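The next block holds one structure in the form of structure tokens; read it before the comments.
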Amino acid sequence: MNTSNPAMGVLDKAASGAYNFGGVGEVATVRGATTKAILLVALTFVVGYFSMLYSFGYMFQNGATPNALLIGSVIVSVIIAFVTIFKPQYSNFTAPAYAVAEGVALGCISATFELKYPGIVSTAVMSTFVVVLSMLALWKFKVIVPTARFRAVITGAVVGVAILYTLNILLSLFGFRLLPDSGPISIIISLIVCTIAAFSLVLDFEMIGSCVEEHELPKYFESYCAFSLLVTICWLYLEILKLLSKRE
């Protein structure tokens, strides 16, 4: 069963032996993957901070969001993500590049929210880290065990969210909105999506742990595992940011 994070599909192939090289050379470790995940998150945070400062200055001078920077960074991050997914052997280079591009995009988005709702970004960042650490603890101490049924439910939920968001974007191009921007229903939807993103972390932790511990994978899979976690964490941050904006 695939995990909820699309990037984790490569790890599913790894579990089947597609990337197993029989222990020749250095192999990936949980400690190495954890260290690189922390470094990638830190890189994203630092780049995002400076991107947000730049966006503040741009908006004060021009009265508008730096759309060229935002759209460009989103496109670059998507391209790098697909390259990493299909060519995980390049993840030592593409994972940091993705962190930089994603940091730029998140910084632009965060600046927009911060100007409208002062203090929301720091709350969203702290909330994201609390959720990540909480889900890690729940997984580590076996409070939440990702059974086959659990994986199927979360995977199906993520697919449903992706379809729902895609339809909403397409319909908005024609002046219609499938999802409300405010109100009780909007808050409930955001809470559900945040919950799905949080539980997705459990599946990611489980897949990373099982692949690294049970299979002799190449060293570059540490960077790939870190990249996979970063994808989910960035998604969770955006969902929390949107949820907090709806309480105002």
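Quick note on naming: the chains in the structure tokens go A, B, ... in the order shown, residues restart at 1 in each chain, and ligands are numbered from 1 in order of appearance.
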
Spatial neighbours of A:Ala226, max dist 10 Å, only C-alpha atoms, sep filter under 4 positions, as a CSV table (one decimal) with all heavy atoms, in the first residue's frame:
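Result file follows (part_34.csv):
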chain,number,residue,atom,x,y,z
A,32,GLY,N,21.1,9.1,9.8
A,32,GLY,CA,21.5,10.0,8.7
A,32,GLY,C,20.3,10.7,8.0
A,32,GLY,O,20.3,11.8,7.7
A,33,ALA,N,19.2,9.9,7.9
A,33,ALA,CA,17.9,10.5,7.3
A,33,ALA,C,17.4,11.5,8.2
A,33,ALA,O,16.9,12.6,7.8
A,33,ALA,CB,16.9,9.4,7.0
A,34,THR,N,17.4,11.3,9.5
A,34,THR,CA,16.9,12.3,10.5
A,34,THR,C,17.7,13.6,10.5
A,34,THR,O,17.1,14.7,10.5
A,34,THR,CB,16.9,11.7,11.9
A,34,THR,OG1,16.1,10.5,11.9
A,34,THR,CG2,16.4,12.6,12.9
A,35,THR,N,19.0,13.4,10.5
A,35,THR,CA,19.9,14.6,10.4
A,35,THR,C,19.6,15.4,9.2
A,35,THR,O,19.5,16.7,9.2
A,35,THR,CB,21.4,14.2,10.5
A,35,THR,OG1,21.6,13.4,11.7
A,35,THR,CG2,22.3,15.4,10.4
A,36,LYS,N,19.5,14.8,8.0
A,36,LYS,CA,19.3,15.5,6.8
A,36,LYS,C,17.9,16.1,6.8
A,36,LYS,O,17.8,17.2,6.2
A,36,LYS,CB,19.6,14.6,5.6
A,36,LYS,CG,21.0,14.2,5.5
A,36,LYS,CD,21.3,13.3,4.3
A,36,LYS,CE,22.8,12.9,4.2
A,36,LYS,NZ,23.1,12.0,3.1
A,37,ALA,N,17.0,15.5,7.4
A,37,ALA,CA,15.6,16.1,7.4
A,37,ALA,C,15.6,17.3,8.2
A,37,ALA,O,15.0,18.4,7.9
A,37,ALA,CB,14.6,15.1,8.0
A,38,ILE,N,16.3,17.3,9.4
A,38,ILE,CA,16.4,18.5,10.2
A,38,ILE,C,17.1,19.6,9.4
A,38,ILE,O,16.7,20.8,9.5
A,38,ILE,CB,17.2,18.2,11.5
A,38,ILE,CG1,16.4,17.2,12.4
A,38,ILE,CG2,17.5,19.5,12.3
A,38,ILE,CD1,17.1,16.7,13.6
A,39,LEU,N,18.2,19.3,8.7
A,39,LEU,CA,18.9,20.3,7.9
A,39,LEU,C,18.1,20.9,6.8
A,39,LEU,O,18.1,22.1,6.6
A,39,LEU,CB,20.2,19.7,7.4
A,39,LEU,CG,21.3,19.3,8.4
A,39,LEU,CD1,22.5,18.6,7.7
A,39,LEU,CD2,21.8,20.6,9.1
A,40,LEU,N,17.3,20.1,6.2
A,40,LEU,CA,16.4,20.6,5.1
A,40,LEU,C,15.3,21.5,5.6
A,40,LEU,O,15.0,22.5,5.0
A,40,LEU,CB,15.8,19.4,4.3
A,40,LEU,CG,16.7,18.6,3.4
A,40,LEU,CD1,15.8,17.6,2.6
A,40,LEU,CD2,17.4,19.6,2.4
A,41,VAL,N,14.7,21.1,6.8
A,41,VAL,CA,13.7,21.9,7.4
A,41,VAL,C,14.3,23.3,7.8
A,41,VAL,O,13.7,24.3,7.6
A,41,VAL,CB,13.1,21.2,8.6
A,41,VAL,CG1,12.2,22.2,9.4
A,41,VAL,CG2,12.3,20.0,8.1
A,91,SER,N,19.0,12.9,-5.4
A,91,SER,CA,18.4,13.6,-4.2
A,91,SER,C,19.4,14.4,-3.3
A,91,SER,O,19.0,15.3,-2.6
A,91,SER,CB,17.6,12.7,-3.4
A,91,SER,OG,18.4,11.6,-2.9
A,92,ASN,N,20.7,14.0,-3.3
A,92,ASN,CA,21.6,14.7,-2.6
A,92,ASN,C,21.7,16.2,-3.0
A,92,ASN,O,22.1,17.1,-2.2
A,92,ASN,CB,23.0,14.1,-2.7
A,92,ASN,CG,23.1,12.8,-1.8
A,92,ASN,OD1,22.4,12.7,-0.8
A,92,ASN,ND2,24.0,11.9,-2.2
A,95,ALA,N,17.3,17.6,-3.3
A,95,ALA,CA,16.6,17.9,-2.0
A,95,ALA,C,16.9,19.3,-1.5
A,95,ALA,O,16.0,20.0,-1.1
A,95,ALA,CB,16.9,16.8,-1.0
A,96,PRO,N,18.2,19.7,-1.4
A,96,PRO,CA,18.4,21.0,-0.9
A,96,PRO,C,17.9,22.1,-1.8
A,96,PRO,O,17.4,23.2,-1.4
A,96,PRO,CB,20.0,21.1,-0.8
A,96,PRO,CG,20.4,19.7,-0.7
A,96,PRO,CD,19.4,18.9,-1.5
A,208,ILE,N,9.8,5.3,6.1
A,208,ILE,CA,11.2,5.6,6.2
A,208,ILE,C,11.9,4.6,7.1
A,208,ILE,O,13.0,4.1,6.8
A,208,ILE,CB,11.4,7.0,6.6
A,208,ILE,CG1,11.0,8.0,5.5
A,208,ILE,CG2,12.9,7.3,7.0
A,208,ILE,CD1,11.0,9.5,6.0
A,221,PHE,N,19.5,7.6,-0.2
A,221,PHE,CA,18.1,7.5,0.3
A,221,PHE,C,17.9,8.3,1.6
A,221,PHE,O,16.8,8.6,1.9
A,221,PHE,CB,17.7,6.1,0.4
A,221,PHE,CG,16.9,5.6,-0.7
A,221,PHE,CD1,17.5,5.0,-1.8
A,221,PHE,CD2,15.5,5.8,-0.8
A,221,PHE,CE1,16.8,4.6,-2.9
A,221,PHE,CE2,14.8,5.4,-1.8
A,221,PHE,CZ,15.4,4.8,-2.9
A,222,GLU,N,19.0,8.6,2.3
A,222,GLU,CA,18.8,9.5,3.4
A,222,GLU,C,18.3,10.9,3.0
A,222,GLU,O,17.4,11.4,3.6
A,222,GLU,CB,20.2,9.7,4.1
A,222,GLU,CG,20.7,8.4,4.8
A,222,GLU,CD,22.0,8.6,5.4
A,222,GLU,OE1,22.6,9.7,5.2
A,222,GLU,OE2,22.5,7.7,6.1
A,230,LEU,N,9.9,16.5,4.1
A,230,LEU,CA,9.8,18.0,4.0
A,230,LEU,C,8.5,18.3,3.1
A,230,LEU,O,7.9,19.3,3.4
A,230,LEU,CB,11.0,18.5,3.3
A,230,LEU,CG,11.1,20.1,3.0
A,230,LEU,CD1,11.0,20.8,4.4
A,230,LEU,CD2,12.3,20.5,2.2
A,231,VAL,N,8.2,17.5,2.2
A,231,VAL,CA,7.0,17.7,1.3
A,231,VAL,C,5.8,17.7,2.2
A,231,VAL,O,4.9,18.6,2.1
A,231,VAL,CB,6.9,16.6,0.3
A,231,VAL,CG1,5.6,16.7,-0.4
A,231,VAL,CG2,8.0,16.8,-0.8

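Summary of the local environment: counting only C-alpha atoms, residues at most 10 Å from stretch 75-82 of chain A, other than itself and those fewer than 6 positions away along its chain, are Pro6, Ala7, Leu69, Pro88, Ser91, Phe93, Thr94, Ala95, Pro96, Ala97, Tyr98, Ala99, Val100, Ala101, Glu102, Gly103, Val104, Ala105, Phe227, Ser228 and Val231 of chain A.
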
For the residues in the current selection, export N, CA, C and O atoms as a short mmCIF file (atom, residue, chain, number, x, y, z; two decimals), in the first residue's frame.
data_model
loop_
_atom_site.label_atom_id
_atom_site.label_comp_id
_atom_site.auth_asym_id
_atom_site.auth_seq_id
_atom_site.Cartn_x
_atom_site.Cartn_y
_atom_site.Cartn_z
N PRO A 6 3.04 11.47 -2.13
CA PRO A 6 3.40 10.93 -3.43
C PRO A 6 4.88 10.61 -3.54
O PRO A 6 5.28 9.67 -4.22
N ALA A 7 5.72 11.38 -2.87
CA ALA A 7 7.16 11.14 -2.93
C ALA A 7 7.54 9.81 -2.30
O ALA A 7 8.58 9.24 -2.61
N LEU A 69 7.98 36.23 -8.32
CA LEU A 69 8.81 35.41 -7.43
C LEU A 69 8.03 34.22 -6.90
O LEU A 69 8.55 33.10 -6.85
N PRO A 88 15.64 9.46 -7.79
CA PRO A 88 16.06 9.63 -6.39
C PRO A 88 17.56 9.61 -6.20
O PRO A 88 18.06 10.10 -5.18
N SER A 91 19.01 12.94 -5.35
CA SER A 91 18.39 13.64 -4.22
C SER A 91 19.39 14.37 -3.34
O SER A 91 19.00 15.31 -2.63
N PHE A 93 21.42 16.40 -4.30
CA PHE A 93 21.48 17.75 -4.86
C PHE A 93 20.10 18.38 -4.99
O PHE A 93 19.92 19.57 -4.74
N THR A 94 19.12 17.56 -5.40
CA THR A 94 17.78 18.11 -5.64
C THR A 94 17.02 18.40 -4.35
O THR A 94 16.19 19.32 -4.31
N ALA A 95 17.28 17.64 -3.29
CA ALA A 95 16.57 17.88 -2.02
C ALA A 95 16.89 19.27 -1.45
O ALA A 95 15.97 20.01 -1.09
N PRO A 96 18.16 19.67 -1.36
CA PRO A 96 18.44 21.04 -0.89
C PRO A 96 17.88 22.10 -1.85
O PRO A 96 17.41 23.16 -1.40
N ALA A 97 17.93 21.82 -3.16
CA ALA A 97 17.39 22.77 -4.13
C ALA A 97 15.88 22.94 -3.93
O ALA A 97 15.34 24.05 -4.02
N TYR A 98 15.20 21.83 -3.65
CA TYR A 98 13.76 21.89 -3.39
C TYR A 98 13.49 22.70 -2.12
O TYR A 98 12.55 23.50 -2.07
N ALA A 99 14.31 22.50 -1.09
CA ALA A 99 14.13 23.24 0.16
C ALA A 99 14.26 24.75 -0.08
O ALA A 99 13.48 25.53 0.48
N VAL A 100 15.21 25.15 -0.92
CA VAL A 100 15.39 26.56 -1.21
C VAL A 100 14.19 27.12 -1.97
O VAL A 100 13.63 28.16 -1.61
N ALA A 101 13.77 26.41 -3.03
CA ALA A 101 12.64 26.88 -3.84
C ALA A 101 11.36 26.91 -3.03
O ALA A 101 10.57 27.86 -3.11
N GLU A 102 11.15 25.89 -2.22
CA GLU A 102 9.95 25.84 -1.39
C GLU A 102 9.99 26.93 -0.33
O GLU A 102 8.95 27.52 0.01
N GLY A 103 11.18 27.21 0.21
CA GLY A 103 11.31 28.27 1.19
C GLY A 103 10.95 29.63 0.61
O GLY A 103 10.28 30.43 1.27
N VAL A 104 11.37 29.88 -0.63
CA VAL A 104 11.03 31.14 -1.29
C VAL A 104 9.51 31.26 -1.45
O VAL A 104 8.92 32.30 -1.16
N ALA A 105 8.88 30.19 -1.91
CA ALA A 105 7.43 30.21 -2.11
C ALA A 105 6.68 30.39 -0.79
O ALA A 105 5.76 31.22 -0.69
N PHE A 227 13.73 14.60 1.99
CA PHE A 227 12.91 15.34 1.03
C PHE A 227 11.44 14.94 1.17
O PHE A 227 10.55 15.81 1.17
N SER A 228 11.17 13.67 1.30
CA SER A 228 9.79 13.18 1.41
C SER A 228 9.10 13.76 2.64
O SER A 228 7.94 14.19 2.58
N VAL A 231 8.24 17.49 2.15
CA VAL A 231 7.04 17.70 1.34
C VAL A 231 5.80 17.70 2.22
O VAL A 231 4.94 18.59 2.13
#

>> What parts of stretch 2-247 of chain A does DSSP call helix (DSSP H, G or I)? I'd like the answer as a PyMOL selection string.
In response: chain A and resi 6-15+30-62+67-86+88-116+120-140+148-172+184-214+221-245

>> Need to verify the contact set: stretch 195-200 of chain A, 10 Å, only C-alpha atoms, exclusion of same-chain residues closer than 3 positions in sequence. Can you return it as an NGL selection string?
In response: :A and (3-5 or 128 or 131-132 or 134-136 or 139 or 144 or 146 or 150-151 or 153-155 or 157-158 or 161 or 189-192 or 203-206 or 229 or 232-237 or 239-240)

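Going from atom CA of A:Ser172 over to atom CA of A:Phe60, you cover 27.9 Å.
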
Within 10 Å of stretch 53-57 of chain A, which residues of stretch 89-119 of chain A show up? Give each one with its shortest atom-to-atom distance in Å (one decimal) and the two atoms involved, counting only C-alpha atoms, rows by chain then rising residue number, as a Markdown table.
| residue | atom | partner | partner_atom | distance |
| --- | --- | --- | --- | --- |
| A:Val104 | CA | A:Ser55 | CA | 9.6 |
| A:Gly107 | CA | A:Ser55 | CA | 7.4 |
| A:Cys108 | CA | A:Ser55 | CA | 5.7 |
| A:Ile109 | CA | A:Ser55 | CA | 8.8 |
| A:Ser110 | CA | A:Ser55 | CA | 9.0 |
| A:Ala111 | CA | A:Phe56 | CA | 6.1 |
| A:Thr112 | CA | A:Ser55 | CA | 8.1 |
| A:Glu114 | CA | A:Phe56 | CA | 9.2 |
| A:Leu115 | CA | A:Phe56 | CA | 8.1 |

Output all heavy atoms of each residue in that selection to a file, as a short mmCIF file (atom, residue, chain, number, x, y, z; two decimals), in the first residue's frame.
data_model
loop_
_atom_site.label_atom_id
_atom_site.label_comp_id
_atom_site.auth_asym_id
_atom_site.auth_seq_id
_atom_site.Cartn_x
_atom_site.Cartn_y
_atom_site.Cartn_z
N VAL A 104 11.37 29.88 -0.63
CA VAL A 104 11.03 31.14 -1.29
C VAL A 104 9.51 31.26 -1.45
O VAL A 104 8.92 32.30 -1.16
CB VAL A 104 11.72 31.24 -2.66
CG1 VAL A 104 11.21 32.47 -3.43
CG2 VAL A 104 13.23 31.32 -2.49
N GLY A 107 7.78 31.74 1.90
CA GLY A 107 8.03 33.07 2.42
C GLY A 107 7.09 34.10 1.82
O GLY A 107 6.56 34.96 2.52
N CYS A 108 6.89 34.01 0.50
CA CYS A 108 5.96 34.93 -0.17
C CYS A 108 4.54 34.76 0.35
O CYS A 108 3.83 35.73 0.64
CB CYS A 108 5.98 34.69 -1.68
SG CYS A 108 7.55 35.10 -2.48
N ILE A 109 4.12 33.51 0.47
CA ILE A 109 2.76 33.23 0.95
C ILE A 109 2.61 33.68 2.40
O ILE A 109 1.60 34.29 2.78
CB ILE A 109 2.46 31.72 0.83
CG1 ILE A 109 2.45 31.30 -0.64
CG2 ILE A 109 1.12 31.38 1.49
CD1 ILE A 109 2.37 29.81 -0.85
N SER A 110 3.61 33.40 3.22
CA SER A 110 3.55 33.77 4.63
C SER A 110 3.46 35.28 4.82
O SER A 110 2.74 35.77 5.70
CB SER A 110 4.78 33.23 5.37
OG SER A 110 4.82 31.82 5.32
N ALA A 111 4.20 36.03 3.98
CA ALA A 111 4.17 37.49 4.09
C ALA A 111 2.76 38.02 3.83
O ALA A 111 2.29 38.95 4.51
CB ALA A 111 5.15 38.11 3.10
N THR A 112 2.08 37.44 2.86
CA THR A 112 0.72 37.86 2.54
C THR A 112 -0.21 37.64 3.73
O THR A 112 -1.02 38.50 4.08
CB THR A 112 0.20 37.09 1.32
OG1 THR A 112 1.08 37.30 0.21
CG2 THR A 112 -1.19 37.55 0.94
N GLU A 114 0.74 37.28 6.90
CA GLU A 114 1.20 38.04 8.06
C GLU A 114 0.72 39.48 8.01
O GLU A 114 0.37 40.07 9.05
CB GLU A 114 2.73 37.99 8.15
CG GLU A 114 3.32 38.67 9.37
CD GLU A 114 3.00 37.95 10.67
OE1 GLU A 114 2.64 36.75 10.63
OE2 GLU A 114 3.12 38.59 11.74
N LEU A 115 0.71 40.07 6.83
CA LEU A 115 0.24 41.45 6.72
C LEU A 115 -1.25 41.57 7.02
O LEU A 115 -1.70 42.56 7.59
CB LEU A 115 0.53 41.99 5.31
CG LEU A 115 1.97 42.39 5.01
CD1 LEU A 115 2.10 42.89 3.58
CD2 LEU A 115 2.45 43.46 5.99
#

> Neighbours of A:Thr166 within 12 Å (only C-alpha atoms; same-chain residues fewer than 6 positions away dropped), as JSON, numbers by chain?
Replying inline: {"A": [159, 160, 172, 173, 177, 178, 179]}

> If you measure from atom CA of A:Ser223 to atom CA of A:Thr84, what distance in Å do you get, rounded to one decimal?
Replying inline: 9.9 Å
